[in-house]
Structures are given as C-alpha cells and as structure tokens.
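Data block below; observations after.
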Amino acid sequence: MNAFGAGLVAEACQTVGARLVHLSTADVFAGDAEEPYDEADRVTPRSAYGRTKVLGEQAVLGSGAEAFVVRTGWLYGQGGDNVVKALTRMAAAGEVVPAADDQVGTPTWTVHLARALVGLAVSNAAPGIWHCTAVGEASPFVFARAVFAELGLDPARVEPTASSDRASRGLRPAYAVLSTVKWRGAGLPELPHWRDSLHEAFETLGEELSD
Ligand SMILES: NC(=O)c1ccc[n+]([C@@H]2O[C@H](COP(=O)([O-])OP(=O)(O)OC[C@H]3O[C@@H](n4cnc5c(N)ncnc54)[C@H](OP(=O)(O)O)[C@@H]3O)[C@@H](O)[C@H]2O)c1
C-alpha cells in the first residue's frame, strides 16, 4: 500500500493531469540527527514503515505526475484513534500515565495540516518534497502533560519513562523534527506552535477530540 499503492495513485494523476499531494513521514530518517531534517537530507529509514514510505515517495516522484510529497509527523485529529484519545483512556484507567521523554517530534493537528496541504496544492510552489509540521518540538512526555492540562487533569500525573520496545530498538526515530525553512521560504503560511494548535483543537472540538 505505502509503496506500490502510492505509485498507482500517482500514475492515475499523471494520466488525467491532476496534481497530487502525497503524505509521507519523518520515519524516512533514522532519527539520529541533532537539528531538524530538511528536504535534501539523505533518507535512512530503519523500519519497514519508513522503508516502504521511501519507496512510495520514489514511486510518486518518478511517476511524471505533478506531485508534492509532504512529510509530516505526530498527527492527531478528530477521526480514528489518536494520542489524545489514548491519553484520555489511560487517564481514566489509572492514576499515573507514563510517557516517553527520550523521543522528540512535533505534534501536529490534522486540521492545520489539511489547510496547509490545500494551500500548497493551489500555490505556485514547485512540485517535489516538502516538510510541513506545526512549530516547535516536544517529547511524548511534554505533549502528554500539555494534553492533561487541556483536559483539566493534573499534569503531574504524567510521568517520564523510557521509550517503548519498538522505539528503543530504533524502529521509531528518536529525533523526528522536520525543518520547515523551505516551506516558509516559499511564502507558504507557517502552522502555529504545537501548544497553540493543541489549545485551538480543544477549543474547537472539546470532548470530540478525546471521546
Ligand atoms: N499519523 C501520523 O502521525 C502520520 C505522520 C506522518 C505521515 N502520515 C501519513 O499519513 C497517511 C495517513 O496516515 P494515518 O495515520 O491517518 O493512517 P490511518 O489512520 O491508519 O488511516 C489510513 C487510511 O488508509 C486507508 N487504508 C489502509 N489500508 C488500505 C488499503 N489496503 N486499501 C485502501 N485503503 C486503505 C484506511 O482506510 P479505512 O479507514 O477504511 O481503514 C484509512 O483511511 C499515511 O500515508 C501516513 O504514512 C501519518
């Protein structure tokens, strides 16, 4: 799906002359950098997910379609399950909630990402690879404490812990922050800071975000 499926979608777009916005991920990188990854950095995926997403990027970019490959990460939104809903469930199930403090990324609200993707699609920006996330960075621990504060729960109930097995085996990038310098340089509107987005998400969706 990630590789061959993405290529099929791109071929179809090429056939009918449609622009394609294809989503990719910070998991195309190993996560051992110390500053945000930019679009030109070499991809070094460590997981099957990351490897198949790289193959998908290559299939899309090689299809001849007018395609934007947009790498993002740590999404949360109203539909499906998400980290906010998981934290809400954990908060109801126990007094203390563990969250990793040895990974870093940028939590990004899907509503803000969706608006940005539409803006990119109708812009004069050149097709190719683009990084798009909210501003700032956080560990799951910092993000979980911010979610607890928004839920009106005591943030001190979130305790720092080491990454899960999957993350600690290097399958998830420890450092998953993407540079948005290219995005801003092209005059595309910057997304808000992740803390402001989280607050706006709760203001907008209230309990729908955590139900
Ligand atoms: N979540 C993140 O933090 C994140 C970060 C960076 C990039 N992305 C990218 O964003 C995209 C969506 O991710 P997501 O987290 O929203 O995933 P998701 O919640 O698992 O949603 C995946 C979507 O793909 C559909 N799908 C899965 N397998 C399919 C198949 N075999 N045939 C047709 N449709 C299929 C699902 O359909 P059903 O709803 O019918 O099951 C669902 O609508 C992916 O390309 C992912 O790599 C996500």
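Ordering of the structure tokens sets the chain letters (A, B, ...), residue numbers begin anew at 1 in every chain, and ligands are numbered from 1 in the order given.
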Would you kindly return, as a PDB file with N, CA and C atoms, in the first residue's frame, each protein, DNA or RNA residue with an atom no farther than 12 Å from any atom of Leu171 in chain A, considering only C-alpha atoms and excluding same-chain residues fewer than 3 positions away?
```
ATOM      1  N   ALA A  26       8.373  11.576   8.827  1.00  0.00           N
ATOM      2  CA  ALA A  26       9.727  11.732   9.372  1.00  0.00           C
ATOM      3  C   ALA A  26      10.399  10.376   9.579  1.00  0.00           C
ATOM      4  N   ASP A  27       9.620   9.283   9.531  1.00  0.00           N
ATOM      5  CA  ASP A  27      10.209   7.952   9.710  1.00  0.00           C
ATOM      6  C   ASP A  27      11.070   7.530   8.511  1.00  0.00           C
ATOM      7  N   VAL A  28      11.167   8.375   7.475  1.00  0.00           N
ATOM      8  CA  VAL A  28      12.125   8.087   6.390  1.00  0.00           C
ATOM      9  C   VAL A  28      13.557   8.374   6.870  1.00  0.00           C
ATOM     10  N   PHE A  29      13.679   9.043   8.040  1.00  0.00           N
ATOM     11  CA  PHE A  29      15.002   9.350   8.592  1.00  0.00           C
ATOM     12  C   PHE A  29      15.295   8.443   9.787  1.00  0.00           C
ATOM     13  N   ALA A  30      16.606   8.250  10.068  1.00  0.00           N
ATOM     14  CA  ALA A  30      16.999   7.366  11.174  1.00  0.00           C
ATOM     15  C   ALA A  30      16.660   7.973  12.529  1.00  0.00           C
ATOM     16  N   GLY A  31      16.680   9.310  12.600  1.00  0.00           N
ATOM     17  CA  GLY A  31      16.355   9.943  13.882  1.00  0.00           C
ATOM     18  C   GLY A  31      17.545  10.145  14.775  1.00  0.00           C
ATOM     19  N   ASP A  32      18.759  10.113  14.175  1.00  0.00           N
ATOM     20  CA  ASP A  32      19.949  10.347  14.994  1.00  0.00           C
ATOM     21  C   ASP A  32      20.549  11.732  14.752  1.00  0.00           C
ATOM     22  N   THR A  44      17.248   7.566   5.488  1.00  0.00           N
ATOM     23  CA  THR A  44      17.913   6.408   6.106  1.00  0.00           C
ATOM     24  C   THR A  44      16.897   5.664   6.977  1.00  0.00           C
ATOM     25  N   PRO A  45      15.842   5.115   6.370  1.00  0.00           N
ATOM     26  CA  PRO A  45      14.781   4.521   7.185  1.00  0.00           C
ATOM     27  C   PRO A  45      15.253   3.283   7.948  1.00  0.00           C
ATOM     28  N   ARG A  46      14.704   3.084   9.132  1.00  0.00           N
ATOM     29  CA  ARG A  46      15.116   1.936   9.955  1.00  0.00           C
ATOM     30  C   ARG A  46      13.999   0.914  10.121  1.00  0.00           C
ATOM     31  N   SER A  47      12.788   1.292   9.764  1.00  0.00           N
ATOM     32  CA  SER A  47      11.661   0.368   9.961  1.00  0.00           C
ATOM     33  C   SER A  47      11.059   0.008   8.605  1.00  0.00           C
ATOM     34  N   ALA A  48      10.242  -1.044   8.604  1.00  0.00           N
ATOM     35  CA  ALA A  48       9.519  -1.411   7.374  1.00  0.00           C
ATOM     36  C   ALA A  48       8.614  -0.263   6.953  1.00  0.00           C
ATOM     37  N   TYR A  49       8.003   0.396   7.930  1.00  0.00           N
ATOM     38  CA  TYR A  49       7.156   1.549   7.620  1.00  0.00           C
ATOM     39  C   TYR A  49       7.973   2.613   6.881  1.00  0.00           C
ATOM     40  N   GLY A  50       9.129   2.986   7.442  1.00  0.00           N
ATOM     41  CA  GLY A  50       9.960   4.018   6.833  1.00  0.00           C
ATOM     42  C   GLY A  50      10.446   3.609   5.451  1.00  0.00           C
ATOM     43  N   ARG A  51      10.861   2.333   5.318  1.00  0.00           N
ATOM     44  CA  ARG A  51      11.369   1.880   4.014  1.00  0.00           C
ATOM     45  C   ARG A  51      10.275   1.910   2.955  1.00  0.00           C
ATOM     46  N   GLN A 103      12.266  10.773  23.196  1.00  0.00           N
ATOM     47  CA  GLN A 103      11.996  10.987  21.768  1.00  0.00           C
ATOM     48  C   GLN A 103      11.544  12.430  21.601  1.00  0.00           C
ATOM     49  N   SER A 163      11.457   4.996  26.165  1.00  0.00           N
ATOM     50  CA  SER A 163      10.633   4.616  25.022  1.00  0.00           C
ATOM     51  C   SER A 163      10.174   3.166  25.122  1.00  0.00           C
ATOM     52  N   SER A 164       9.113   2.882  24.392  1.00  0.00           N
ATOM     53  CA  SER A 164       8.627   1.501  24.298  1.00  0.00           C
ATOM     54  C   SER A 164       9.669   0.663  23.559  1.00  0.00           C
ATOM     55  N   ASP A 165       9.476  -0.652  23.560  1.00  0.00           N
ATOM     56  CA  ASP A 165      10.427  -1.557  22.898  1.00  0.00           C
ATOM     57  C   ASP A 165      10.691  -1.145  21.459  1.00  0.00           C
ATOM     58  N   ARG A 166       9.596  -0.842  20.736  1.00  0.00           N
ATOM     59  CA  ARG A 166       9.719  -0.547  19.314  1.00  0.00           C
ATOM     60  C   ARG A 166      10.594   0.689  19.109  1.00  0.00           C
ATOM     61  N   ALA A 167      10.351   1.689  19.946  1.00  0.00           N
ATOM     62  CA  ALA A 167      11.131   2.916  19.806  1.00  0.00           C
ATOM     63  C   ALA A 167      12.570   2.693  20.262  1.00  0.00           C
ATOM     64  N   SER A 168      12.722   1.956  21.372  1.00  0.00           N
ATOM     65  CA  SER A 168      14.072   1.802  21.909  1.00  0.00           C
ATOM     66  C   SER A 168      14.925   0.925  20.991  1.00  0.00           C
ATOM     67  N   ALA A 174      14.308   8.590  17.147  1.00  0.00           N
ATOM     68  CA  ALA A 174      14.339   9.280  18.448  1.00  0.00           C
ATOM     69  C   ALA A 174      14.187  10.778  18.233  1.00  0.00           C
ATOM     70  N   TYR A 175      14.735  11.237  17.105  1.00  0.00           N
ATOM     71  CA  TYR A 175      14.644  12.673  16.785  1.00  0.00           C
ATOM     72  C   TYR A 175      13.891  12.795  15.464  1.00  0.00           C
ATOM     73  N   ALA A 176      12.663  13.280  15.519  1.00  0.00           N
ATOM     74  CA  ALA A 176      11.788  13.285  14.340  1.00  0.00           C
ATOM     75  C   ALA A 176      11.298  14.700  14.034  1.00  0.00           C
TER      76      ALA A 176
END
```
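Around Ala149 in chain A, within 12 Å and counting only C-alpha atoms, the residues found are Val84, Leu87, Thr88, Ala91, Val142, Phe143, Ala144, Arg145, Ala146, Gly152, Leu153, Asp154, Pro155, Ala156, Arg157, Val158, Arg195, Leu198, His199 and Phe202 of chain A, once anything fewer than 3 positions away on its own chain is removed.
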### Neighbourhood of ligand 1 at 6 Å, counting only C-alpha atoms and all ligand atoms, reported as an NGL selection string
:A and (1 or 23-25 or 72-75)
Please produce an output containing N, CA, C and O atoms for each residue in the selection, written as a CSV table (one decimal), in the first residue's frame.
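Result went into again_21.csv, see below:
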```
chain,number,residue,atom,x,y,z
A,1,MET,N,0.8,-1.2,0.0
A,1,MET,CA,0.0,0.0,0.0
A,1,MET,C,0.9,1.3,0.0
A,1,MET,O,0.7,2.2,-0.8
A,23,LEU,N,1.2,12.1,1.2
A,23,LEU,CA,1.7,12.3,2.6
A,23,LEU,C,2.8,11.3,2.9
A,23,LEU,O,2.7,10.1,2.6
A,24,SER,N,3.9,11.8,3.4
A,24,SER,CA,5.0,10.9,3.9
A,24,SER,C,5.3,11.3,5.3
A,24,SER,O,4.6,12.0,6.0
A,25,THR,N,6.5,10.9,5.8
A,25,THR,CA,6.7,10.9,7.2
A,25,THR,C,8.2,11.1,7.6
A,25,THR,O,9.1,10.8,6.8
A,72,THR,N,5.3,14.8,7.2
A,72,THR,CA,4.8,15.4,8.4
A,72,THR,C,5.0,14.4,9.5
A,72,THR,O,5.7,13.3,9.3
A,73,GLY,N,4.4,14.6,10.7
A,73,GLY,CA,4.6,13.6,11.8
A,73,GLY,C,3.7,13.9,13.0
A,73,GLY,O,3.2,15.1,13.1
A,74,TRP,N,3.6,12.9,13.8
A,74,TRP,CA,2.9,13.0,15.1
A,74,TRP,C,1.5,13.7,15.0
A,74,TRP,O,1.2,14.7,15.7
A,75,LEU,N,0.7,13.2,14.1
A,75,LEU,CA,-0.6,13.8,13.8
A,75,LEU,C,-1.6,13.4,14.9
A,75,LEU,O,-1.6,12.2,15.4
```
### Message
I'd like the neighbourhood of range 7-20 of chain A as a PyMOL selection string, where a residue qualifies if any of its atoms comes within 10 Å (using only C-alpha atoms), though same-chain residues fewer than 6 positions away should be ignored.
### Response
chain A and resi 1+55-69+121-122+127
### Task
Report as JSON, numbers by chain: the residues of range 93-166 of chain A with a DSSP assignment of strand (DSSP E or B), based on the backbone of this structure.
{"A": [97, 98, 99, 100, 104, 105, 108, 109, 128, 129, 130, 131, 135, 138, 158, 159, 160, 161]}
Can you write just those residues out, C-alpha atoms, as a PDB file, in the first residue's frame?
```
ATOM      1  CA  VAL A  97       0.340   7.743  32.997  1.00  0.00           C
ATOM      2  CA  PRO A  98       3.842   7.011  31.625  1.00  0.00           C
ATOM      3  CA  ALA A  99       5.074   8.887  28.550  1.00  0.00           C
ATOM      4  CA  ALA A 100       8.447   8.702  26.815  1.00  0.00           C
ATOM      5  CA  VAL A 104      11.351  14.347  20.130  1.00  0.00           C
ATOM      6  CA  GLY A 105       8.958  15.345  17.381  1.00  0.00           C
ATOM      7  CA  THR A 108       0.598  18.484  14.510  1.00  0.00           C
ATOM      8  CA  TRP A 109      -3.188  18.937  14.421  1.00  0.00           C
ATOM      9  CA  GLY A 128       8.807  17.888  -5.060  1.00  0.00           C
ATOM     10  CA  ILE A 129       9.449  17.165  -1.393  1.00  0.00           C
ATOM     11  CA  TRP A 130       8.150  19.498   1.311  1.00  0.00           C
ATOM     12  CA  HIS A 131       8.246  19.306   5.108  1.00  0.00           C
ATOM     13  CA  VAL A 135       6.221  24.889  15.002  1.00  0.00           C
ATOM     14  CA  ALA A 138       8.210  18.135  22.223  1.00  0.00           C
ATOM     15  CA  VAL A 158       2.123  12.082  33.616  1.00  0.00           C
ATOM     16  CA  GLU A 159       5.499  10.594  34.476  1.00  0.00           C
ATOM     17  CA  PRO A 160       8.590  10.428  32.239  1.00  0.00           C
ATOM     18  CA  THR A 161       9.635   6.999  31.061  1.00  0.00           C
TER      19      THR A 161
END
```
### Task
Name the residues of range 49-124 of chain A that fall into helix (DSSP H, G or I) according to DSSP on the backbone, using the chain letters and numbers of this document, as a PyMOL selection string.
chain A and resi 49-61+83-93+110-121
Produce a file of the selected residues containing N, CA and C atoms, as a compact mmCIF listing (two decimals), in the first residue's frame.
```txt
# COMPACT_ATOMS: atom_id res chain seq x y z
N TYR A 49 8.00 0.40 7.93
CA TYR A 49 7.16 1.55 7.62
C TYR A 49 7.97 2.61 6.88
N GLY A 50 9.13 2.99 7.44
CA GLY A 50 9.96 4.02 6.83
C GLY A 50 10.45 3.61 5.45
N ARG A 51 10.86 2.33 5.32
CA ARG A 51 11.37 1.88 4.01
C ARG A 51 10.28 1.91 2.96
N THR A 52 9.08 1.46 3.32
CA THR A 52 8.00 1.44 2.31
C THR A 52 7.52 2.86 2.00
N LYS A 53 7.61 3.76 2.97
CA LYS A 53 7.25 5.16 2.69
C LYS A 53 8.29 5.79 1.73
N VAL A 54 9.57 5.43 1.89
CA VAL A 54 10.58 5.92 0.94
C VAL A 54 10.26 5.41 -0.46
N LEU A 55 9.93 4.12 -0.57
CA LEU A 55 9.59 3.56 -1.89
C LEU A 55 8.37 4.28 -2.48
N GLY A 56 7.41 4.62 -1.62
CA GLY A 56 6.24 5.36 -2.08
C GLY A 56 6.63 6.75 -2.60
N GLU A 57 7.51 7.43 -1.85
CA GLU A 57 7.97 8.75 -2.29
C GLU A 57 8.61 8.63 -3.68
N GLN A 58 9.47 7.60 -3.84
CA GLN A 58 10.18 7.45 -5.11
C GLN A 58 9.21 7.13 -6.24
N ALA A 59 8.21 6.31 -5.95
CA ALA A 59 7.22 5.96 -6.98
C ALA A 59 6.43 7.20 -7.40
N VAL A 60 6.07 8.01 -6.42
CA VAL A 60 5.29 9.22 -6.71
C VAL A 60 6.14 10.21 -7.52
N LEU A 61 7.37 10.44 -7.05
CA LEU A 61 8.22 11.44 -7.72
C LEU A 61 8.67 10.97 -9.10
N VAL A 83 -3.48 10.04 19.77
CA VAL A 83 -2.75 10.03 21.03
C VAL A 83 -3.56 10.73 22.14
N VAL A 84 -4.35 11.73 21.75
CA VAL A 84 -5.15 12.44 22.76
C VAL A 84 -6.21 11.49 23.33
N LYS A 85 -6.85 10.71 22.43
CA LYS A 85 -7.86 9.75 22.90
C LYS A 85 -7.19 8.67 23.77
N ALA A 86 -5.99 8.22 23.35
CA ALA A 86 -5.30 7.19 24.13
C ALA A 86 -4.96 7.71 25.53
N LEU A 87 -4.51 8.96 25.60
CA LEU A 87 -4.16 9.55 26.91
C LEU A 87 -5.41 9.68 27.78
N THR A 88 -6.52 10.04 27.15
CA THR A 88 -7.77 10.17 27.91
C THR A 88 -8.17 8.82 28.51
N ARG A 89 -8.03 7.76 27.70
CA ARG A 89 -8.36 6.41 28.19
C ARG A 89 -7.42 6.03 29.34
N MET A 90 -6.13 6.31 29.17
CA MET A 90 -5.15 5.96 30.20
C MET A 90 -5.41 6.75 31.48
N ALA A 91 -5.81 8.01 31.31
CA ALA A 91 -6.09 8.84 32.49
C ALA A 91 -7.26 8.27 33.28
N ALA A 92 -8.25 7.71 32.55
CA ALA A 92 -9.42 7.15 33.23
C ALA A 92 -9.08 5.82 33.90
N ALA A 93 -8.07 5.10 33.34
CA ALA A 93 -7.76 3.76 33.83
C ALA A 93 -6.80 3.74 35.01
N THR A 110 -4.37 17.75 12.67
CA THR A 110 -4.70 17.44 11.27
C THR A 110 -5.46 18.59 10.59
N VAL A 111 -6.23 19.35 11.34
CA VAL A 111 -6.97 20.46 10.72
C VAL A 111 -5.99 21.50 10.16
N HIS A 112 -4.96 21.81 10.94
CA HIS A 112 -3.97 22.77 10.45
C HIS A 112 -3.17 22.20 9.29
N LEU A 113 -2.86 20.90 9.38
CA LEU A 113 -2.13 20.27 8.27
C LEU A 113 -3.00 20.28 7.00
N ALA A 114 -4.26 19.93 7.15
CA ALA A 114 -5.15 19.86 5.98
C ALA A 114 -5.24 21.22 5.28
N ARG A 115 -5.39 22.28 6.08
CA ARG A 115 -5.44 23.63 5.47
C ARG A 115 -4.14 23.93 4.73
N ALA A 116 -3.03 23.55 5.33
CA ALA A 116 -1.72 23.80 4.71
C ALA A 116 -1.59 23.02 3.40
N LEU A 117 -2.10 21.79 3.38
CA LEU A 117 -1.99 20.97 2.17
C LEU A 117 -2.81 21.56 1.03
N VAL A 118 -4.00 22.07 1.36
CA VAL A 118 -4.82 22.72 0.34
C VAL A 118 -4.09 23.96 -0.18
N GLY A 119 -3.50 24.73 0.76
CA GLY A 119 -2.75 25.93 0.36
C GLY A 119 -1.59 25.58 -0.57
N LEU A 120 -0.90 24.50 -0.25
CA LEU A 120 0.22 24.07 -1.10
C LEU A 120 -0.28 23.67 -2.49
N ALA A 121 -1.38 22.93 -2.51
CA ALA A 121 -1.89 22.40 -3.79
C ALA A 121 -2.29 23.51 -4.75
```
Closest pair table for range 121-200 of chain A residues within 10 Å of range 206-211 of chain A, only C-alpha atoms, as JSON lines:
```
{"residue": "A:Val147", "atom": "CA", "partner": "A:Ser210", "partner_atom": "CA", "distance": 9.8}
{"residue": "A:Glu150", "atom": "CA", "partner": "A:Gly206", "partner_atom": "CA", "distance": 9.5}
{"residue": "A:Leu151", "atom": "CA", "partner": "A:Ser210", "partner_atom": "CA", "distance": 8.8}
{"residue": "A:His199", "atom": "CA", "partner": "A:Gly206", "partner_atom": "CA", "distance": 9.8}
{"residue": "A:Glu200", "atom": "CA", "partner": "A:Gly206", "partner_atom": "CA", "distance": 9.4}
```
Pull all heavy atoms from the residues just selected and write them as a PDB file, in the first residue's frame.
```pdb
ATOM      1  N   VAL A 147      -1.545  17.899  27.137  1.00  0.00           N
ATOM      2  CA  VAL A 147      -2.896  17.352  26.920  1.00  0.00           C
ATOM      3  C   VAL A 147      -3.638  17.267  28.250  1.00  0.00           C
ATOM      4  O   VAL A 147      -4.818  17.640  28.353  1.00  0.00           O
ATOM      5  CB  VAL A 147      -2.830  15.956  26.240  1.00  0.00           C
ATOM      6  CG1 VAL A 147      -4.190  15.269  26.264  1.00  0.00           C
ATOM      7  CG2 VAL A 147      -2.320  16.093  24.810  1.00  0.00           C
ATOM      8  N   GLU A 150      -4.914  20.576  29.204  1.00  0.00           N
ATOM      9  CA  GLU A 150      -6.101  20.945  28.422  1.00  0.00           C
ATOM     10  C   GLU A 150      -7.344  20.195  28.907  1.00  0.00           C
ATOM     11  O   GLU A 150      -8.459  20.712  28.855  1.00  0.00           O
ATOM     12  CB  GLU A 150      -5.887  20.655  26.927  1.00  0.00           C
ATOM     13  CG  GLU A 150      -4.843  21.521  26.250  1.00  0.00           C
ATOM     14  CD  GLU A 150      -5.270  22.980  26.087  1.00  0.00           C
ATOM     15  OE1 GLU A 150      -6.475  23.282  26.214  1.00  0.00           O
ATOM     16  OE2 GLU A 150      -4.385  23.826  25.840  1.00  0.00           O
ATOM     17  N   LEU A 151      -7.136  18.966  29.371  1.00  0.00           N
ATOM     18  CA  LEU A 151      -8.270  18.151  29.848  1.00  0.00           C
ATOM     19  C   LEU A 151      -8.707  18.546  31.260  1.00  0.00           C
ATOM     20  O   LEU A 151      -9.678  18.000  31.797  1.00  0.00           O
ATOM     21  CB  LEU A 151      -7.881  16.658  29.847  1.00  0.00           C
ATOM     22  CG  LEU A 151      -7.770  15.972  28.478  1.00  0.00           C
ATOM     23  CD1 LEU A 151      -7.064  14.623  28.613  1.00  0.00           C
ATOM     24  CD2 LEU A 151      -9.165  15.775  27.855  1.00  0.00           C
ATOM     25  N   HIS A 199      -4.271  23.774  21.948  1.00  0.00           N
ATOM     26  CA  HIS A 199      -5.296  24.560  22.636  1.00  0.00           C
ATOM     27  C   HIS A 199      -6.477  24.835  21.698  1.00  0.00           C
ATOM     28  O   HIS A 199      -7.639  24.663  22.080  1.00  0.00           O
ATOM     29  CB  HIS A 199      -4.689  25.865  23.153  1.00  0.00           C
ATOM     30  CG  HIS A 199      -5.629  26.661  23.994  1.00  0.00           C
ATOM     31  ND1 HIS A 199      -6.082  26.215  25.222  1.00  0.00           N
ATOM     32  CD2 HIS A 199      -6.246  27.841  23.773  1.00  0.00           C
ATOM     33  CE1 HIS A 199      -6.929  27.097  25.724  1.00  0.00           C
ATOM     34  NE2 HIS A 199      -7.051  28.090  24.856  1.00  0.00           N
ATOM     35  N   GLU A 200      -6.172  25.230  20.462  1.00  0.00           N
ATOM     36  CA  GLU A 200      -7.246  25.510  19.496  1.00  0.00           C
ATOM     37  C   GLU A 200      -8.044  24.237  19.187  1.00  0.00           C
ATOM     38  O   GLU A 200      -9.271  24.282  19.039  1.00  0.00           O
ATOM     39  CB  GLU A 200      -6.645  26.084  18.204  1.00  0.00           C
ATOM     40  CG  GLU A 200      -7.703  26.642  17.265  1.00  0.00           C
ATOM     41  CD  GLU A 200      -7.126  27.148  15.952  1.00  0.00           C
ATOM     42  OE1 GLU A 200      -5.953  27.595  15.910  1.00  0.00           O
ATOM     43  OE2 GLU A 200      -7.858  27.091  14.952  1.00  0.00           O
TER      44      GLU A 200
END
```
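Counting only C-alpha atoms and comparing A:Ala6, A:Leu188, A:Ser197, A:Glu95, the residue that lies closest to Gly77 in chain A is A:Ser197.
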